[in-house]
$ cat query_26.cif   # mmCIF, N, CA and C atoms
data_target
#
loop_
_atom_site.label_atom_id
_atom_site.label_comp_id
_atom_site.auth_asym_id
_atom_site.auth_seq_id
_atom_site.Cartn_x
_atom_site.Cartn_y
_atom_site.Cartn_z
N MET X 76 -20.00 1.02 9.52
CA MET X 76 -18.84 0.35 8.97
C MET X 76 -19.15 -1.14 8.82
N MET X 77 -18.76 -1.70 7.70
CA MET X 77 -19.02 -3.11 7.41
C MET X 77 -17.72 -3.90 7.53
N THR X 78 -17.79 -5.05 8.19
CA THR X 78 -16.62 -5.91 8.29
C THR X 78 -16.83 -7.17 7.46
N ILE X 79 -15.75 -7.69 6.94
CA ILE X 79 -15.82 -8.90 6.12
C ILE X 79 -14.96 -9.96 6.79
N ASN X 80 -15.56 -11.11 7.04
CA ASN X 80 -14.81 -12.23 7.60
C ASN X 80 -14.00 -12.85 6.46
N VAL X 81 -12.70 -12.90 6.62
CA VAL X 81 -11.81 -13.37 5.56
C VAL X 81 -12.10 -14.84 5.23
N GLY X 82 -12.38 -15.65 6.25
CA GLY X 82 -12.68 -17.06 6.01
C GLY X 82 -13.92 -17.25 5.15
N VAL X 83 -14.97 -16.48 5.45
CA VAL X 83 -16.20 -16.57 4.66
C VAL X 83 -15.96 -16.09 3.24
N LEU X 84 -15.21 -15.01 3.10
CA LEU X 84 -14.91 -14.49 1.77
C LEU X 84 -14.14 -15.51 0.94
N LEU X 85 -13.12 -16.13 1.53
CA LEU X 85 -12.36 -17.16 0.81
C LEU X 85 -13.22 -18.36 0.47
N ALA X 86 -14.11 -18.76 1.38
CA ALA X 86 -15.01 -19.89 1.12
C ALA X 86 -15.92 -19.60 -0.06
N VAL X 87 -16.45 -18.40 -0.14
CA VAL X 87 -17.30 -18.01 -1.27
C VAL X 87 -16.51 -18.03 -2.57
N ILE X 88 -15.29 -17.52 -2.54
CA ILE X 88 -14.45 -17.51 -3.74
C ILE X 88 -14.17 -18.94 -4.19
N VAL X 89 -13.87 -19.84 -3.24
CA VAL X 89 -13.59 -21.24 -3.60
C VAL X 89 -14.82 -21.88 -4.24
N VAL X 90 -15.99 -21.67 -3.65
CA VAL X 90 -17.21 -22.27 -4.20
C VAL X 90 -17.47 -21.74 -5.61
N LEU X 91 -17.31 -20.45 -5.81
CA LEU X 91 -17.55 -19.88 -7.14
C LEU X 91 -16.54 -20.41 -8.16
N ARG X 92 -15.30 -20.56 -7.75
CA ARG X 92 -14.27 -21.06 -8.68
C ARG X 92 -14.49 -22.53 -9.01
N LEU X 93 -14.92 -23.33 -8.05
CA LEU X 93 -15.11 -24.76 -8.29
C LEU X 93 -16.39 -25.07 -9.07
N ARG X 94 -17.30 -24.12 -9.15
CA ARG X 94 -18.53 -24.35 -9.92
C ARG X 94 -18.30 -24.26 -11.42
N ARG X 95 -17.17 -23.67 -11.81
CA ARG X 95 -16.87 -23.54 -13.24
C ARG X 95 -16.59 -24.89 -13.85
N ARG X 96 -16.81 -25.01 -15.13
CA ARG X 96 -16.56 -26.27 -15.83
C ARG X 96 -15.06 -26.56 -15.88
N THR X 97 -14.72 -27.82 -15.79
CA THR X 97 -13.31 -28.22 -15.77
C THR X 97 -12.60 -27.84 -17.06
N GLU X 98 -13.28 -27.96 -18.19
CA GLU X 98 -12.64 -27.67 -19.48
C GLU X 98 -12.25 -26.20 -19.61
N ALA X 99 -12.92 -25.35 -18.85
CA ALA X 99 -12.67 -23.91 -18.98
C ALA X 99 -11.50 -23.44 -18.12
N ARG X 100 -10.85 -24.35 -17.40
CA ARG X 100 -9.77 -23.96 -16.49
C ARG X 100 -8.40 -24.18 -17.11
N SER X 101 -7.53 -23.22 -16.92
CA SER X 101 -6.15 -23.37 -17.35
C SER X 101 -5.33 -23.88 -16.16
N ARG X 102 -4.08 -24.22 -16.42
CA ARG X 102 -3.22 -24.68 -15.31
C ARG X 102 -3.03 -23.58 -14.28
N ASN X 103 -2.84 -22.36 -14.73
CA ASN X 103 -2.66 -21.25 -13.80
C ASN X 103 -3.91 -21.03 -12.97
N ASP X 104 -5.08 -21.21 -13.59
CA ASP X 104 -6.34 -21.06 -12.88
C ASP X 104 -6.47 -22.13 -11.79
N GLU X 105 -6.08 -23.35 -12.10
CA GLU X 105 -6.13 -24.43 -11.11
C GLU X 105 -5.14 -24.19 -9.98
N LYS X 106 -3.95 -23.68 -10.31
CA LYS X 106 -2.94 -23.37 -9.29
C LYS X 106 -3.45 -22.28 -8.35
N LEU X 107 -4.09 -21.27 -8.91
CA LEU X 107 -4.64 -20.19 -8.10
C LEU X 107 -5.72 -20.72 -7.16
N THR X 108 -6.56 -21.64 -7.64
CA THR X 108 -7.58 -22.24 -6.80
C THR X 108 -6.95 -23.01 -5.65
N VAL X 109 -5.88 -23.73 -5.91
CA VAL X 109 -5.18 -24.47 -4.85
C VAL X 109 -4.61 -23.51 -3.81
N VAL X 110 -4.03 -22.42 -4.25
CA VAL X 110 -3.47 -21.43 -3.32
C VAL X 110 -4.57 -20.83 -2.46
N ILE X 111 -5.72 -20.53 -3.06
CA ILE X 111 -6.84 -19.95 -2.31
C ILE X 111 -7.37 -20.95 -1.28
N VAL X 112 -7.47 -22.23 -1.67
CA VAL X 112 -7.94 -23.26 -0.73
C VAL X 112 -6.95 -23.42 0.43
N LEU X 113 -5.66 -23.40 0.14
CA LEU X 113 -4.67 -23.47 1.21
C LEU X 113 -4.77 -22.27 2.15
N ALA X 114 -4.97 -21.09 1.59
CA ALA X 114 -5.13 -19.89 2.43
C ALA X 114 -6.38 -20.02 3.30
N LEU X 115 -7.45 -20.58 2.75
CA LEU X 115 -8.67 -20.79 3.53
C LEU X 115 -8.39 -21.75 4.69
N GLY X 116 -7.63 -22.81 4.42
CA GLY X 116 -7.28 -23.75 5.47
C GLY X 116 -6.47 -23.11 6.57
N VAL X 117 -5.54 -22.25 6.21
CA VAL X 117 -4.71 -21.55 7.21
C VAL X 117 -5.56 -20.60 8.04
N VAL X 118 -6.53 -19.96 7.42
CA VAL X 118 -7.40 -19.01 8.14
C VAL X 118 -8.34 -19.76 9.09
N ILE X 119 -8.86 -20.91 8.65
CA ILE X 119 -9.85 -21.64 9.44
C ILE X 119 -9.20 -22.47 10.54
N ALA X 120 -7.99 -22.97 10.33
CA ALA X 120 -7.37 -23.94 11.24
C ALA X 120 -7.36 -23.51 12.72
N PRO X 121 -6.96 -22.29 13.08
CA PRO X 121 -6.87 -21.96 14.51
C PRO X 121 -8.22 -21.63 15.17
N THR X 122 -9.30 -21.61 14.42
CA THR X 122 -10.60 -21.26 14.98
C THR X 122 -11.25 -22.47 15.64
N PRO X 123 -12.22 -22.27 16.52
CA PRO X 123 -12.93 -23.40 17.11
C PRO X 123 -13.61 -24.27 16.05
N PHE X 124 -14.13 -23.66 15.00
CA PHE X 124 -14.74 -24.42 13.91
C PHE X 124 -13.71 -25.31 13.24
N GLY X 125 -12.53 -24.77 13.00
CA GLY X 125 -11.46 -25.55 12.37
C GLY X 125 -11.01 -26.71 13.24
N GLN X 126 -10.92 -26.47 14.54
CA GLN X 126 -10.53 -27.54 15.46
C GLN X 126 -11.60 -28.63 15.52
N GLY X 127 -12.87 -28.22 15.53
CA GLY X 127 -13.96 -29.19 15.52
C GLY X 127 -13.97 -30.01 14.25
N LEU X 128 -13.72 -29.36 13.13
CA LEU X 128 -13.66 -30.05 11.84
C LEU X 128 -12.49 -31.03 11.82
N PHE X 129 -11.36 -30.62 12.36
CA PHE X 129 -10.19 -31.49 12.44
C PHE X 129 -10.49 -32.72 13.29
N ASP X 130 -11.14 -32.52 14.43
CA ASP X 130 -11.50 -33.64 15.30
C ASP X 130 -12.49 -34.58 14.61
N PHE X 131 -13.47 -34.01 13.92
CA PHE X 131 -14.46 -34.83 13.21
C PHE X 131 -13.81 -35.68 12.12
N ILE X 132 -12.93 -35.07 11.34
CA ILE X 132 -12.26 -35.82 10.27
C ILE X 132 -11.35 -36.90 10.86
N GLY X 133 -10.71 -36.60 11.98
CA GLY X 133 -9.88 -37.60 12.64
C GLY X 133 -10.70 -38.79 13.12
N GLN X 134 -11.85 -38.53 13.72
CA GLN X 134 -12.73 -39.61 14.17
C GLN X 134 -13.27 -40.41 13.00
N LEU X 135 -13.61 -39.73 11.92
CA LEU X 135 -14.10 -40.41 10.72
C LEU X 135 -13.02 -41.33 10.14
N ALA X 136 -11.81 -40.82 10.06
CA ALA X 136 -10.70 -41.63 9.53
C ALA X 136 -10.43 -42.84 10.44
N THR X 137 -10.49 -42.63 11.74
CA THR X 137 -10.29 -43.73 12.68
C THR X 137 -11.39 -44.77 12.53
N GLY X 138 -12.62 -44.33 12.38
CA GLY X 138 -13.74 -45.26 12.20
C GLY X 138 -13.62 -46.06 10.92
N ILE X 139 -13.19 -45.42 9.85
CA ILE X 139 -13.02 -46.11 8.57
C ILE X 139 -11.89 -47.12 8.68
N THR X 140 -10.80 -46.73 9.31
CA THR X 140 -9.66 -47.63 9.46
C THR X 140 -10.02 -48.84 10.33
N ASP X 141 -10.75 -48.61 11.43
CA ASP X 141 -11.14 -49.70 12.31
C ASP X 141 -12.13 -50.65 11.66
N SER X 142 -13.02 -50.13 10.84
CA SER X 142 -14.04 -50.96 10.21
C SER X 142 -13.46 -51.82 9.09
N SER X 143 -12.31 -51.43 8.54
CA SER X 143 -11.72 -52.19 7.44
C SER X 143 -10.87 -53.36 7.94
N ARG X 144 -10.66 -53.46 9.24
CA ARG X 144 -9.84 -54.54 9.80
C ARG X 144 -10.61 -55.80 9.95
#
$ encode --input "query_26.cif" --output "structure tokens"
Amino acid sequence: MMTINVGVLLAVIVVLRLRRRTEARSRNDEKLTVVIVLALGVVIAPTPFGQGLFDFIGQLATGITDSSR
């Protein structure tokens, strides 16, 4: 039996959709991409990877804010 990690599947779909040329996208296509990215965020957020990514982005934002003062 084969299992599919939903987060990995959504990440692959996002990468494939974003590789397309911008001119070839309709508004509905862009909206669908946004919904898929949001779903990926919801799937990743409660995982240890998601928490680590959140901490890293928070530290990066703090560093940028402190360096601009």
$ closest_residue --input "query_26.cif" --among "X:Phe131, X:Phe124, X:Arg92, X:Val83" --to "X:Leu107" --atoms "only C-alpha atoms"
X:Arg92
$ atom_distance --input "query_26.cif" --atom1 "atom C of X:Leu113" --atom2 "atom N of X:Ser101"
19.3 Å
$ atom_distance --input "query_26.cif" --atom1 "atom C of X:Val118" --atom2 "atom C of X:Val81"
7.3 Å
$ atom_distance --input "query_26.cif" --atom1 "atom CA of X:Val90" --atom2 "atom N of X:Leu128"
19.0 Å
$ axis_aligned_box --input "query_26.cif" --around "stretch 110-115 of chain X" --padding-each-side "3 Å" --output "lines of an AutoDock Vina configuration file"
center_x = -6.1
center_y = -21.7
center_z = 0.2
size_x = 11.2
size_y = 9.6
size_z = 14.9
$ select_by_dssp --input "query_26.cif" --residues "chain X" --states "alpha helix (DSSP H)" --output "PyMOL selection string"
chain X and resi 81-93+102-119+123-142
$ residues_around --input "query_26.cif" --residues "stretch 93-97 of chain X" --least-positions-apart "5" --cutoff "12 Å" --atoms "only C-alpha atoms" --output "PDB file with N, CA and C atoms, in the coordinates of the input"
ATOM      1  N   ALA X  86     -14.110 -18.760   1.380  1.00  0.00           N
ATOM      2  CA  ALA X  86     -15.010 -19.890   1.120  1.00  0.00           C
ATOM      3  C   ALA X  86     -15.920 -19.600  -0.060  1.00  0.00           C
ATOM      4  N   VAL X  87     -16.450 -18.400  -0.140  1.00  0.00           N
ATOM      5  CA  VAL X  87     -17.300 -18.010  -1.270  1.00  0.00           C
ATOM      6  C   VAL X  87     -16.510 -18.030  -2.570  1.00  0.00           C
ATOM      7  N   ILE X  88     -15.290 -17.520  -2.540  1.00  0.00           N
ATOM      8  CA  ILE X  88     -14.450 -17.510  -3.740  1.00  0.00           C
ATOM      9  C   ILE X  88     -14.170 -18.940  -4.190  1.00  0.00           C
ATOM     10  N   ARG X 102      -4.080 -24.220 -16.420  1.00  0.00           N
ATOM     11  CA  ARG X 102      -3.220 -24.680 -15.310  1.00  0.00           C
ATOM     12  C   ARG X 102      -3.030 -23.580 -14.280  1.00  0.00           C
ATOM     13  N   ASP X 104      -5.080 -21.210 -13.590  1.00  0.00           N
ATOM     14  CA  ASP X 104      -6.340 -21.060 -12.880  1.00  0.00           C
ATOM     15  C   ASP X 104      -6.470 -22.130 -11.790  1.00  0.00           C
ATOM     16  N   GLU X 105      -6.080 -23.350 -12.100  1.00  0.00           N
ATOM     17  CA  GLU X 105      -6.130 -24.430 -11.110  1.00  0.00           C
ATOM     18  C   GLU X 105      -5.140 -24.190  -9.980  1.00  0.00           C
ATOM     19  N   LEU X 107      -4.090 -21.270  -8.910  1.00  0.00           N
ATOM     20  CA  LEU X 107      -4.640 -20.190  -8.100  1.00  0.00           C
ATOM     21  C   LEU X 107      -5.720 -20.720  -7.160  1.00  0.00           C
ATOM     22  N   THR X 108      -6.560 -21.640  -7.640  1.00  0.00           N
ATOM     23  CA  THR X 108      -7.580 -22.240  -6.800  1.00  0.00           C
ATOM     24  C   THR X 108      -6.950 -23.010  -5.650  1.00  0.00           C
ATOM     25  N   VAL X 109      -5.880 -23.730  -5.910  1.00  0.00           N
ATOM     26  CA  VAL X 109      -5.180 -24.470  -4.850  1.00  0.00           C
ATOM     27  C   VAL X 109      -4.610 -23.510  -3.810  1.00  0.00           C
ATOM     28  N   ILE X 111      -5.720 -20.530  -3.060  1.00  0.00           N
ATOM     29  CA  ILE X 111      -6.840 -19.950  -2.310  1.00  0.00           C
ATOM     30  C   ILE X 111      -7.370 -20.950  -1.280  1.00  0.00           C
ATOM     31  N   VAL X 112      -7.470 -22.230  -1.670  1.00  0.00           N
ATOM     32  CA  VAL X 112      -7.940 -23.260  -0.730  1.00  0.00           C
ATOM     33  C   VAL X 112      -6.950 -23.420   0.430  1.00  0.00           C
TER      34      VAL X 112
END
$ build_atoms --input "query_26.cif" --residues "stretch 122-140 of chain X" --atoms "N, CA, C and O atoms" --output "compact mmCIF listing (two decimals), in the coordinates of the input"
# COMPACT_ATOMS: atom_id res chain seq x y z
N THR X 122 -9.30 -21.61 14.42
CA THR X 122 -10.60 -21.26 14.98
C THR X 122 -11.25 -22.47 15.64
O THR X 122 -10.88 -23.62 15.34
N PRO X 123 -12.22 -22.27 16.52
CA PRO X 123 -12.93 -23.40 17.11
C PRO X 123 -13.61 -24.27 16.05
O PRO X 123 -13.65 -25.50 16.18
N PHE X 124 -14.13 -23.66 15.00
CA PHE X 124 -14.74 -24.42 13.91
C PHE X 124 -13.71 -25.31 13.24
O PHE X 124 -13.96 -26.49 12.97
N GLY X 125 -12.53 -24.77 13.00
CA GLY X 125 -11.46 -25.55 12.37
C GLY X 125 -11.01 -26.71 13.24
O GLY X 125 -10.77 -27.81 12.75
N GLN X 126 -10.92 -26.47 14.54
CA GLN X 126 -10.53 -27.54 15.46
C GLN X 126 -11.60 -28.63 15.52
O GLN X 126 -11.29 -29.82 15.56
N GLY X 127 -12.87 -28.22 15.53
CA GLY X 127 -13.96 -29.19 15.52
C GLY X 127 -13.97 -30.01 14.25
O GLY X 127 -14.19 -31.23 14.27
N LEU X 128 -13.72 -29.36 13.13
CA LEU X 128 -13.66 -30.05 11.84
C LEU X 128 -12.49 -31.03 11.82
O LEU X 128 -12.63 -32.16 11.36
N PHE X 129 -11.36 -30.62 12.36
CA PHE X 129 -10.19 -31.49 12.44
C PHE X 129 -10.49 -32.72 13.29
O PHE X 129 -10.15 -33.85 12.91
N ASP X 130 -11.14 -32.52 14.43
CA ASP X 130 -11.50 -33.64 15.30
C ASP X 130 -12.49 -34.58 14.61
O ASP X 130 -12.35 -35.81 14.69
N PHE X 131 -13.47 -34.01 13.92
CA PHE X 131 -14.46 -34.83 13.21
C PHE X 131 -13.81 -35.68 12.12
O PHE X 131 -14.08 -36.88 12.01
N ILE X 132 -12.93 -35.07 11.34
CA ILE X 132 -12.26 -35.82 10.27
C ILE X 132 -11.35 -36.90 10.86
O ILE X 132 -11.27 -38.01 10.33
N GLY X 133 -10.71 -36.60 11.98
CA GLY X 133 -9.88 -37.60 12.64
C GLY X 133 -10.70 -38.79 13.12
O GLY X 133 -10.29 -39.94 12.95
N GLN X 134 -11.85 -38.53 13.72
CA GLN X 134 -12.73 -39.61 14.17
C GLN X 134 -13.27 -40.41 13.00
O GLN X 134 -13.37 -41.64 13.06
N LEU X 135 -13.61 -39.73 11.92
CA LEU X 135 -14.10 -40.41 10.72
C LEU X 135 -13.02 -41.33 10.14
O LEU X 135 -13.30 -42.48 9.80
N ALA X 136 -11.81 -40.82 10.06
CA ALA X 136 -10.70 -41.63 9.53
C ALA X 136 -10.43 -42.84 10.44
O ALA X 136 -10.19 -43.95 9.95
N THR X 137 -10.49 -42.63 11.74
CA THR X 137 -10.29 -43.73 12.68
C THR X 137 -11.39 -44.77 12.53
O THR X 137 -11.11 -45.98 12.53
N GLY X 138 -12.62 -44.33 12.38
CA GLY X 138 -13.74 -45.26 12.20
C GLY X 138 -13.62 -46.06 10.92
O GLY X 138 -13.88 -47.27 10.91
N ILE X 139 -13.19 -45.42 9.85
CA ILE X 139 -13.02 -46.11 8.57
C ILE X 139 -11.89 -47.12 8.68
O ILE X 139 -12.00 -48.26 8.21
N THR X 140 -10.80 -46.73 9.31
CA THR X 140 -9.66 -47.63 9.46
C THR X 140 -10.02 -48.84 10.33
O THR X 140 -9.68 -49.99 9.99
